[in-house]
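Data file: final_1.txt. Format and content: compact mmCIF, C-alpha atoms.
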# COMPACT_ATOMS: atom_id res chain seq x y z
CA MET I 1 117.23 142.26 120.51
CA GLN I 2 118.00 145.58 122.17
CA GLU I 3 121.51 144.44 123.07
CA LYS I 4 122.15 143.25 119.50
CA ILE I 5 121.12 146.67 118.14
CA LYS I 6 123.45 148.30 120.67
CA ARG I 7 126.31 146.03 119.63
CA TYR I 8 125.86 146.78 115.92
CA ALA I 9 125.64 150.52 116.64
CA ILE I 10 128.92 150.36 118.57
CA PHE I 11 130.46 148.28 115.79
CA LEU I 12 129.52 150.91 113.17
CA ILE I 13 131.09 153.61 115.32
CA GLY I 14 134.23 151.48 115.59
CA LEU I 15 134.20 150.89 111.83
CA PHE I 16 134.11 154.61 111.14
CA ILE I 17 136.89 155.29 113.65
CA ASN I 18 138.84 152.47 112.04
CA SER I 19 138.49 154.06 108.61
CA LEU I 20 139.52 157.44 110.01
CA GLY I 21 142.64 155.81 111.45
CA VAL I 22 143.51 154.22 108.10
CA SER I 23 143.06 157.57 106.34
CA PHE I 24 145.12 159.41 108.94
CA ILE I 25 147.98 156.91 108.60
CA THR I 26 147.75 157.09 104.81
CA LYS I 27 147.82 160.91 104.80
CA ALA I 28 151.01 160.82 106.87
CA ASP I 29 152.65 159.68 103.61
CA LEU I 30 154.85 157.05 105.26
CA GLY I 31 152.95 154.05 103.99
CA THR I 32 149.72 152.66 105.39
CA SER I 33 148.52 149.78 107.57
CA PRO I 34 149.43 146.28 106.30
CA ILE I 35 145.85 145.26 105.44
CA SER I 36 145.39 148.47 103.41
CA SER I 37 148.79 148.36 101.73
CA ILE I 38 147.73 146.47 98.58
CA PRO I 39 144.61 148.64 97.94
CA TYR I 40 146.70 151.76 98.56
CA VAL I 41 149.42 150.83 96.05
CA LEU I 42 146.73 149.98 93.48
CA SER I 43 145.02 153.35 94.11
CA LEU I 44 148.31 155.13 93.41
CA LYS I 45 148.57 153.41 90.01
CA PHE I 46 144.97 153.39 88.83
CA SER I 47 142.11 155.87 88.88
CA TRP I 48 139.97 154.10 91.49
CA THR I 49 140.08 155.35 95.07
CA LEU I 50 141.60 153.69 98.12
CA GLY I 51 138.10 152.93 99.41
CA GLU I 52 137.02 151.31 96.14
CA PHE I 53 140.09 149.09 95.98
CA THR I 54 139.55 148.26 99.67
CA ILE I 55 136.07 146.98 98.81
CA ILE I 56 137.33 144.86 95.89
CA PHE I 57 140.24 143.46 97.88
CA ASN I 58 138.13 142.58 100.91
CA VAL I 59 135.40 140.93 98.83
CA PHE I 60 138.18 138.83 97.30
CA ILE I 61 139.32 137.86 100.81
CA VAL I 62 135.75 136.82 101.70
CA LEU I 63 135.68 134.56 98.63
CA LEU I 64 138.99 133.03 99.71
CA GLN I 65 137.37 132.25 103.07
CA LEU I 66 134.52 130.52 101.24
CA ILE I 67 137.04 128.39 99.32
CA LEU I 68 138.95 127.50 102.49
CA LEU I 69 135.99 126.78 104.76
CA ARG I 70 133.50 125.38 102.22
CA LYS I 71 130.67 123.85 104.27
CA LYS I 72 132.10 125.41 107.42
CA PHE I 73 131.51 128.87 105.98
CA LYS I 74 128.65 130.08 108.16
CA LEU I 75 125.72 132.11 106.88
CA GLU I 76 126.57 135.04 109.16
CA TYR I 77 130.02 135.34 107.52
CA TRP I 78 128.32 136.88 104.48
CA ILE I 79 127.69 140.01 106.55
CA GLN I 80 131.36 140.82 105.90
CA ILE I 81 130.34 141.93 102.37
CA PRO I 82 128.09 144.87 103.38
CA VAL I 83 130.56 145.72 106.15
CA THR I 84 133.30 145.84 103.52
CA PHE I 85 131.31 148.29 101.39
CA LEU I 86 130.67 150.50 104.41
CA PHE I 87 134.35 150.38 105.38
CA GLY I 88 135.44 151.33 101.86
CA TYR I 89 133.04 154.26 101.64
CA PHE I 90 134.01 155.39 105.14
CA ILE I 91 137.66 155.45 104.04
CA ASP I 92 136.87 157.59 101.01
CA LEU I 93 134.72 159.89 103.16
CA THR I 94 137.42 160.36 105.79
CA MET I 95 140.04 160.88 103.08
CA VAL I 96 137.90 163.80 101.86
CA PHE I 97 137.66 165.11 105.44
CA LEU I 98 141.45 165.00 105.68
CA ASP I 99 142.07 166.54 102.26
CA PHE I 100 143.65 169.56 103.97
CA MET I 101 146.27 167.33 105.59
CA ASN I 102 149.58 167.27 103.74
CA PRO I 103 152.52 167.17 106.17
CA GLN I 104 155.84 168.06 104.56
CA GLN I 105 158.37 167.82 107.37
CA TYR I 106 159.36 164.31 108.42
CA ILE I 107 158.67 164.98 112.10
CA LEU I 108 155.12 166.08 111.23
CA LYS I 109 154.65 162.93 109.15
CA ILE I 110 155.75 160.79 112.10
CA LEU I 111 153.39 162.69 114.39
CA ALA I 112 150.49 162.18 111.98
CA LEU I 113 151.36 158.49 111.70
CA LEU I 114 151.32 158.05 115.48
CA VAL I 115 148.00 159.87 115.79
CA GLY I 116 146.62 157.62 113.06
CA CYS I 117 147.84 154.50 114.90
CA LEU I 118 146.14 155.76 118.05
CA ILE I 119 142.86 156.31 116.21
CA LEU I 120 143.05 152.97 114.40
CA GLY I 121 143.91 151.14 117.62
CA PHE I 122 140.89 152.69 119.33
CA GLY I 123 138.71 151.70 116.38
CA VAL I 124 139.94 148.10 116.58
CA TYR I 125 139.16 148.08 120.31
CA ILE I 126 135.62 149.36 119.70
CA GLU I 127 135.01 146.71 117.02
CA VAL I 128 136.23 143.90 119.27
CA LEU I 129 134.17 145.32 122.14
CA ALA I 130 131.02 145.11 119.99
CA ASP I 131 131.84 141.47 119.19
CA VAL I 132 129.44 141.07 116.26
CA VAL I 133 131.46 141.00 113.03
CA MET I 134 135.09 140.50 112.13
CA LEU I 135 136.55 142.44 109.23
CA PRO I 136 137.54 140.21 106.27
CA GLY I 137 141.27 140.36 107.01
CA GLU I 138 140.95 138.99 110.54
CA SER I 139 138.19 136.61 109.45
CA PHE I 140 140.51 135.21 106.77
CA VAL I 141 143.16 134.57 109.43
CA ARG I 142 140.49 132.76 111.46
CA ALA I 143 139.64 130.63 108.40
CA VAL I 144 143.29 129.65 107.99
CA VAL I 145 143.49 128.77 111.70
CA LEU I 146 140.35 126.61 111.45
CA THR I 147 141.55 124.88 108.28
CA TRP I 148 145.17 124.14 109.18
CA LYS I 149 144.97 124.32 113.00
CA THR I 150 147.62 127.03 113.21
CA ASN I 151 148.18 129.57 115.99
CA PHE I 152 146.13 132.75 115.52
CA GLY I 153 148.92 135.12 116.53
CA ASN I 154 151.55 133.59 114.27
CA THR I 155 149.08 133.38 111.39
CA LYS I 156 148.13 137.05 111.85
CA VAL I 157 151.78 138.07 111.71
CA ALA I 158 152.33 135.97 108.57
CA PHE I 159 149.21 137.47 106.96
CA ASP I 160 150.24 141.07 107.70
CA ALA I 161 153.77 140.39 106.47
CA SER I 162 152.53 138.79 103.25
CA MET I 163 150.22 141.76 102.56
CA SER I 164 153.10 144.19 103.03
CA VAL I 165 155.48 142.13 100.87
CA ALA I 166 152.87 141.77 98.11
CA ALA I 167 152.24 145.53 98.18
CA ALA I 168 156.00 146.19 98.01
CA VAL I 169 156.32 143.87 94.98
CA LEU I 170 153.43 145.64 93.23
CA SER I 171 155.03 148.99 94.01
CA LEU I 172 158.34 147.91 92.50
CA ILE I 173 156.53 146.60 89.40
CA PHE I 174 154.42 149.75 88.93
CA PHE I 175 156.85 152.48 90.03
CA HIS I 176 160.27 150.75 90.14
CA ARG I 177 160.58 151.93 93.76
CA LEU I 178 158.77 151.55 97.07
CA ASN I 179 155.72 153.76 96.88
CA GLY I 180 152.96 153.36 99.48
CA VAL I 181 154.89 150.84 101.57
CA ARG I 182 157.37 152.43 103.92
CA GLU I 183 158.43 152.58 107.55
CA GLY I 184 154.92 153.67 108.50
CA THR I 185 153.60 150.26 107.46
CA ILE I 186 155.93 148.52 109.91
CA ILE I 187 155.20 151.02 112.69
CA ALA I 188 151.46 150.60 112.20
CA ALA I 189 151.81 146.80 112.24
CA LEU I 190 153.60 146.99 115.60
CA LEU I 191 151.62 149.72 117.33
CA VAL I 192 147.96 149.32 116.37
CA GLY I 193 147.36 146.01 118.15
CA PHE I 194 149.35 147.18 121.17
CA ILE I 195 147.19 150.31 121.41
CA ALA I 196 144.00 148.27 121.02
CA ARG I 197 145.07 145.96 123.87
CA LEU I 198 145.94 148.98 126.00
CA PHE I 199 142.49 150.48 125.46
CA GLY I 200 141.00 147.09 126.32
CA ARG I 201 142.87 146.91 129.62
CA LEU I 202 142.29 150.52 130.69
CA SER I 203 138.58 150.44 129.89
CA ALA I 204 137.82 146.92 131.18
CA PRO I 205 135.06 148.21 133.54
CA ILE I 206 133.15 149.67 130.58
CA LYS I 207 132.14 146.36 128.99
CA PRO I 208 130.01 145.13 131.93
CA LEU I 209 128.23 148.49 131.94
CA LEU I 210 127.49 148.34 128.22
CA PHE I 211 126.66 144.65 128.09
CA PRO I 212 125.64 143.45 131.56
CA GLU I 213 125.73 139.68 131.71
CA LYS I 214 123.41 137.51 133.72
CA THR I 215 125.50 136.06 136.51
CA GLU I 216 124.74 133.74 139.34
CA ASN I 217 123.97 135.46 142.61
CA GLN I 218 126.74 134.23 144.86
CA SER I 219 125.44 135.56 148.15
CA ALA I 220 124.75 133.00 150.83
CA SER I 221 121.16 134.20 151.26
CA ASN I 222 120.28 132.93 147.78
CA LEU I 223 121.76 129.47 148.21
CA ARG I 224 119.35 126.60 148.64
CA ASN I 225 118.67 125.71 152.25
CA ASN I 226 120.60 122.46 152.04
CA GLU I 227 123.70 124.12 150.59
CA ILE I 228 126.59 125.64 152.54
CA GLN I 229 128.88 128.28 151.05
CA PRO I 230 132.40 126.79 150.85
CA ASN I 231 135.24 128.56 152.66
CA VAL I 232 138.39 129.59 150.83
CA VAL I 233 141.80 130.88 151.85
CA ALA I 234 143.55 132.74 149.03
CA ILE I 235 147.27 133.13 149.72
CA ALA I 236 149.56 135.58 147.95
CA ARG I 237 153.23 135.21 148.86
CA GLN I 238 156.67 136.62 148.34
CA TYR I 239 159.15 134.18 146.86
CA GLY I 240 161.02 132.16 149.45
CA CYS I 241 158.69 132.72 152.42
CA ARG I 242 157.35 129.14 152.49
CA GLY I 243 153.91 129.91 151.06
CA HIS I 244 153.48 126.43 149.59
CA GLU I 245 154.48 124.77 152.85
CA ILE I 246 152.17 127.00 154.90
CA GLY I 247 149.26 126.41 152.54
CA GLN I 248 149.72 122.64 152.64
CA LEU I 249 149.84 122.52 156.45
CA LEU I 250 146.82 124.84 156.71
CA ALA I 251 144.78 122.63 154.37
CA LYS I 252 145.79 119.53 156.30
CA LYS I 253 144.75 121.03 159.65
CA LEU I 254 141.42 122.25 158.29
CA GLY I 255 140.69 119.17 156.20
CA TYR I 256 140.48 121.39 153.10
CA GLU I 257 141.56 120.72 149.53
CA PHE I 258 144.91 122.29 148.58
CA TYR I 259 145.58 123.88 145.19
CA ASP I 260 148.85 125.26 143.92
CA ARG I 261 150.43 123.51 140.94
CA GLU I 262 147.31 121.33 140.82
CA ILE I 263 145.56 124.22 139.06
CA ILE I 264 148.03 123.88 136.18
CA LYS I 265 146.90 120.30 135.62
CA MET I 266 143.24 121.37 135.85
CA ILE I 267 143.50 123.93 133.05
CA ALA I 268 145.93 122.13 130.73
CA GLY I 269 143.06 120.43 128.88
CA THR I 270 140.95 123.58 128.51
CA THR I 271 143.77 125.73 127.14
CA GLY I 272 145.38 123.15 124.86
CA TYR I 273 148.80 123.95 126.37
CA SER I 274 151.05 121.46 128.13
CA THR I 275 151.58 121.65 131.89
CA ALA I 276 155.25 122.54 131.28
CA TYR I 277 154.23 125.40 128.96
CA ILE I 278 151.76 126.78 131.52
CA LYS I 279 154.18 126.42 134.43
CA GLU I 280 156.80 128.39 132.52
CA ARG I 281 154.46 131.31 131.81
CA GLU I 282 151.89 131.65 134.59
CA GLU I 283 152.36 134.35 137.23
CA LYS I 284 155.31 135.68 135.25
CA MET I 285 155.38 138.94 133.34
CA THR I 286 158.89 139.91 132.32
CA ASN I 287 157.71 143.24 130.93
CA SER I 288 154.09 144.24 130.39
CA PHE I 289 154.99 146.63 127.56
CA LEU I 290 156.90 143.92 125.67
CA PHE I 291 154.11 141.44 126.39
CA ASP I 292 151.56 143.78 124.81
CA LEU I 293 153.85 144.54 121.89
CA VAL I 294 154.73 140.91 121.13
CA ASN I 295 151.13 139.71 121.51
CA GLN I 296 149.50 142.69 119.80
CA MET I 297 148.22 140.53 116.95
CA TYR I 298 145.65 138.98 119.31
CA ALA I 299 143.91 142.33 119.78
CA TYR I 300 142.04 141.92 116.50
CA THR I 301 139.68 139.20 117.67
CA SER I 302 137.60 138.29 120.70
CA GLU I 303 137.61 134.63 119.64
CA ASP I 304 141.23 133.96 120.44
CA LYS I 305 143.55 135.35 123.06
CA ALA I 306 147.27 135.68 123.62
CA PRO I 307 148.57 132.48 125.27
CA LYS I 308 149.23 134.15 128.62
CA ASP I 309 145.80 135.82 128.62
CA LYS I 310 144.26 132.46 127.85
CA ILE I 311 146.10 130.86 130.75
CA PHE I 312 145.05 133.62 133.16
CA GLU I 313 141.40 133.38 132.09
CA ALA I 314 141.40 129.58 132.44
CA GLU I 315 142.99 129.79 135.89
CA SER I 316 140.49 132.47 136.95
CA ASN I 317 137.56 130.29 135.87
CA ALA I 318 139.04 127.29 137.68
CA ILE I 319 139.55 129.31 140.88
CA ARG I 320 135.97 130.63 140.82
CA LYS I 321 134.65 127.11 140.27
CA LEU I 322 136.70 125.71 143.16
CA ALA I 323 135.50 128.50 145.44
CA LYS I 324 131.89 127.59 144.66
CA THR I 325 132.21 123.85 145.15
CA LYS I 326 134.61 122.99 147.99
CA ASN I 327 136.49 124.24 151.04
CA CYS I 328 139.99 124.91 149.83
CA VAL I 329 143.30 126.71 150.15
CA ILE I 330 144.54 128.35 146.92
CA ILE I 331 148.10 129.59 146.42
CA GLY I 332 148.82 132.64 144.24
CA ARG I 333 147.52 133.17 140.69
CA CYS I 334 145.82 136.46 141.68
CA SER I 335 143.27 134.35 143.59
CA ASP I 336 142.86 137.04 146.25
CA TYR I 337 141.77 139.50 143.54
CA ILE I 338 139.66 136.99 141.61
CA LEU I 339 137.73 136.16 144.82
CA LYS I 340 137.70 139.71 146.20
CA ASP I 341 133.87 139.77 146.30
CA ASN I 342 133.56 136.35 147.95
CA ASP I 343 132.49 136.90 151.57
CA HIS I 344 133.67 133.40 152.49
CA CYS I 345 137.23 133.99 151.32
CA LEU I 346 140.08 135.00 153.65
CA LYS I 347 142.75 136.88 151.69
CA VAL I 348 146.27 136.44 153.06
CA TYR I 349 149.60 137.98 152.08
CA LEU I 350 152.78 136.25 153.27
CA TYR I 351 156.05 138.16 153.45
CA SER I 352 159.38 137.96 155.21
CA ASP I 353 162.68 139.77 155.61
CA LEU I 354 164.91 139.46 152.53
CA ASN I 355 167.82 137.94 154.48
CA GLU I 356 165.48 135.39 156.00
CA ARG I 357 164.26 134.35 152.54
CA ILE I 358 167.79 134.23 151.14
CA CYS I 359 168.91 131.90 153.94
CA TYR I 360 165.90 129.65 153.44
CA LEU I 361 166.23 129.49 149.64
CA SER I 362 170.01 128.97 149.58
CA ALA I 363 169.70 126.08 152.04
CA LYS I 364 166.76 124.51 150.22
CA LYS I 365 168.27 124.75 146.72
CA GLN I 366 171.92 124.42 147.73
CA ILE I 367 172.90 127.67 146.01
CA THR I 368 174.91 130.70 147.09
CA ASP I 369 173.31 133.64 148.88
CA THR I 370 174.00 135.80 145.82
CA GLU I 371 172.19 133.39 143.51
CA ALA I 372 169.29 133.12 145.96
CA GLY I 373 169.02 136.92 146.15
CA LYS I 374 168.92 137.19 142.37
CA GLN I 375 166.21 134.51 142.11
CA ILE I 376 164.10 136.22 144.77
CA ALA I 377 164.39 139.63 143.10
CA ALA I 378 163.50 138.23 139.67
CA GLU I 379 160.58 136.10 140.91
CA ASP I 380 159.08 138.85 143.07
CA LYS I 381 159.27 141.32 140.18
CA ALA I 382 157.65 138.84 137.78
CA ARG I 383 154.80 138.16 140.24
CA SER I 384 154.34 141.87 140.96
CA ASP I 385 154.26 142.78 137.25
CA ASN I 386 151.84 139.93 136.51
CA TYR I 387 149.52 140.99 139.35
CA ARG I 388 149.58 144.65 138.34
CA TYR I 389 148.98 143.81 134.66
CA TYR I 390 145.88 141.68 135.27
CA THR I 391 144.39 143.42 138.31
CA ARG I 392 145.63 147.01 137.84
CA GLN I 393 146.44 146.96 141.56
CA LEU I 394 149.62 146.78 143.62
CA TRP I 395 150.79 143.33 144.65
CA GLY I 396 151.26 143.11 148.43
CA PHE I 397 149.34 146.33 149.22
CA ALA I 398 148.35 145.64 152.86
CA PRO I 399 144.77 147.09 152.87
CA ASP I 400 143.77 144.69 150.05
CA TYR I 401 144.26 141.65 152.33
CA ASP I 402 142.54 140.41 155.46
CA LEU I 403 145.84 139.26 156.95
CA ASN I 404 149.48 140.22 156.35
CA ILE I 405 151.81 137.74 158.02
CA ASN I 406 155.57 137.79 158.55
CA THR I 407 156.55 134.15 158.07
CA ALA I 408 159.89 134.68 159.82
CA PHE I 409 158.04 133.74 163.04
CA GLY I 410 157.53 130.22 161.71
CA VAL I 411 155.22 128.07 159.63
CA GLU I 412 153.09 126.89 162.56
CA TYR I 413 152.66 130.46 163.77
CA ALA I 414 151.46 131.59 160.32
CA VAL I 415 149.00 128.69 160.09
CA ASP I 416 147.58 129.43 163.55
CA LEU I 417 147.15 133.11 162.66
CA ILE I 418 145.26 132.22 159.49
CA ILE I 419 142.92 129.86 161.33
CA ASP I 420 142.29 132.53 163.97
CA GLY I 421 141.59 135.02 161.19
CA MET I 422 139.03 132.66 159.67
CA LYS I 423 137.32 132.37 163.03
CA ARG I 424 137.23 136.11 163.47
CA LYS I 425 135.81 136.53 159.98
CA LYS I 426 133.28 133.86 160.97
CA ILE I 427 133.88 131.59 158.02
CA ILE I 428 134.67 128.53 160.17
Transcribe the structure of this file into structure tokens.
Amino acid sequence: MQEKIKRYAIFLIGLFINSLGVSFITKADLGTSPISSIPYVLSLKFSWTLGEFTIIFNVFIVLLQLILLRKKFKLEYWIQIPVTFLFGYFIDLTMVFLDFMNPQQYILKILALLVGCLILGFGVYIEVLADVVMLPGESFVRAVVLTWKTNFGNTKVAFDASMSVAAAVLSLIFFHRLNGVREGTIIAALLVGFIARLFGRLSAPIKPLLFPEKTENQSASNLRNNEIQPNVVAIARQYGCRGHEIGQLLAKKLGYEFYDREIIKMIAGTTGYSTAYIKEREEKMTNSFLFDLVNQMYAYTSEDKAPKDKIFEAESNAIRKLAKTKNCVIIGRCSDYILKDNDHCLKVYLYSDLNERICYLSAKKQITDTEAGKQIAAEDKARSDNYRYYTRQLWGFAPDYDLNINTAFGVEYAVDLIIDGMKRKKII
């Protein structure tokens, strides 16, 4: 009960910040956020306020959800109605607070717009952090997804675009020009979700402090007497230094299970993605900024995640489960970070001289040294970016591993070193 009260209190704070962000963007006079664009255009034509039209519009969206979901419309969804009234009144209140704000120069308008996006993005993050109620706009997208089995991200983009287009049409009808829908609407659509995701990543440690979850005690002292804590070797590796081969031989010598691409097959069913789709995207981050920007629409809900986030979470859960149930060797997928608190895990980083890797890869794939060098550079960067994005740590930073091994000395040598390391750590 106490946690629920805390969650609703945080949600109300987020709702107010959200309304302040909407008002700030609106006062920048470059348009407003997509979900507020129709109420804003209507407020410019008629005597009712932006907040009042926001209430009417959002109640209408709730009724559309009822029509779409019918018997699937849950009782708790009705709480969107009082939330909508609060949101509308908060907008009118913050508009009064910002009555002094009337930027004239374009650069000041842009600055105000960006500040508004920052505030709104933080408000969205706070609301998602509370995880109690979705605002009607996002809840409507969820209803469409549930009804027609569409992708949340694509549906969110289509919804935002349709709101902006409808507002633009109304503006042309009422004023014979675009009024209330401008470049600021597009900028807000692109930036707000990105900012919310950024806040979510940077403040990840806050959630466990606010809402501590009951977790299993994983220490060996609390295991039942007839249970033995499984041993795990988590191997991170540069591209082209024979990590897969070393892991396989190590598992064979120890009699352990071996997991590399097998993890892809394990999670395919839980994510709903094909093995080919997962293989193409896992451990690869071409650009974390672009990833956040392209997938920003997923920031509005805790019920669905961007595809790559979903893959990472599924792989993390699979790795933790494997580490609890069987002796195994796991290749890549941030497993060293995921199992960083597991006392029975040996964390290994495999590296080698660039020329050594180029020679190995060019011979294995029958490609030129130039092509091999390009593949190595691209793959290492993708793995490094992926690791940094999800762990906020440097990939290959020596102190984070129990062993750092130069594989140029040979596969057998690397395997023997790992086994010796396990003995010294007293996990075999």
Could you jot down the CA of Arg142 (chain I) to CA of Lys156 (chain I) separation for me, Å, one decimal place?
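CA of Lys156 (chain I) lies 8.8 Å from CA of Arg142 (chain I).
Between CA of Pro34 (chain I) and CA of Gly184 (chain I) there is a distance of 9.5 Å.
Rounded to one decimal, CA of Pro212 (chain I) and CA of Leu394 (chain I) lie 27.0 Å from each other.
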From I:Lys425, I:Glu282, I:Ile56, I:Arg7, residue lying nearest Tyr89 (chain I) [all atoms listed in the file]:
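Closest residue, counting all atoms listed in the file: I:Ile56.
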Please provide as a PDB file with C-alpha atoms, in the frame of the given file all residues within 12 Å of Ala276 (chain I), with the sequence filter that same-chain residues fewer than 4 positions apart are discarded (counting only C-alpha atoms).
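Saved result, out-v3.pdb, follows:
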ATOM      1  CA  ARG I 261     150.430 123.510 140.940  1.00  0.00           C
ATOM      2  CA  ILE I 264     148.030 123.880 136.180  1.00  0.00           C
ATOM      3  CA  LYS I 265     146.900 120.300 135.620  1.00  0.00           C
ATOM      4  CA  ILE I 267     143.500 123.930 133.050  1.00  0.00           C
ATOM      5  CA  ALA I 268     145.930 122.130 130.730  1.00  0.00           C
ATOM      6  CA  GLY I 272     145.380 123.150 124.860  1.00  0.00           C
ATOM      7  CA  GLU I 280     156.800 128.390 132.520  1.00  0.00           C
ATOM      8  CA  ARG I 281     154.460 131.310 131.810  1.00  0.00           C
ATOM      9  CA  GLU I 282     151.890 131.650 134.590  1.00  0.00           C
TER      10      GLU I 282
END
Between I:Asn404, I:Gln229, I:Thr271, I:Ser33, single out the one closest to Ile311 (chain I), counting all atoms listed in the file.
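Going through I:Asn404, I:Gln229, I:Thr271, I:Ser33 one by one, the smallest distance to Ile311 (chain I) is for I:Thr271.
Proximity of I:Leu254, I:Tyr239, I:Asp400, I:Phe57 to Leu135 (chain I), computed with all atoms listed in the file, is greatest for I:Phe57.
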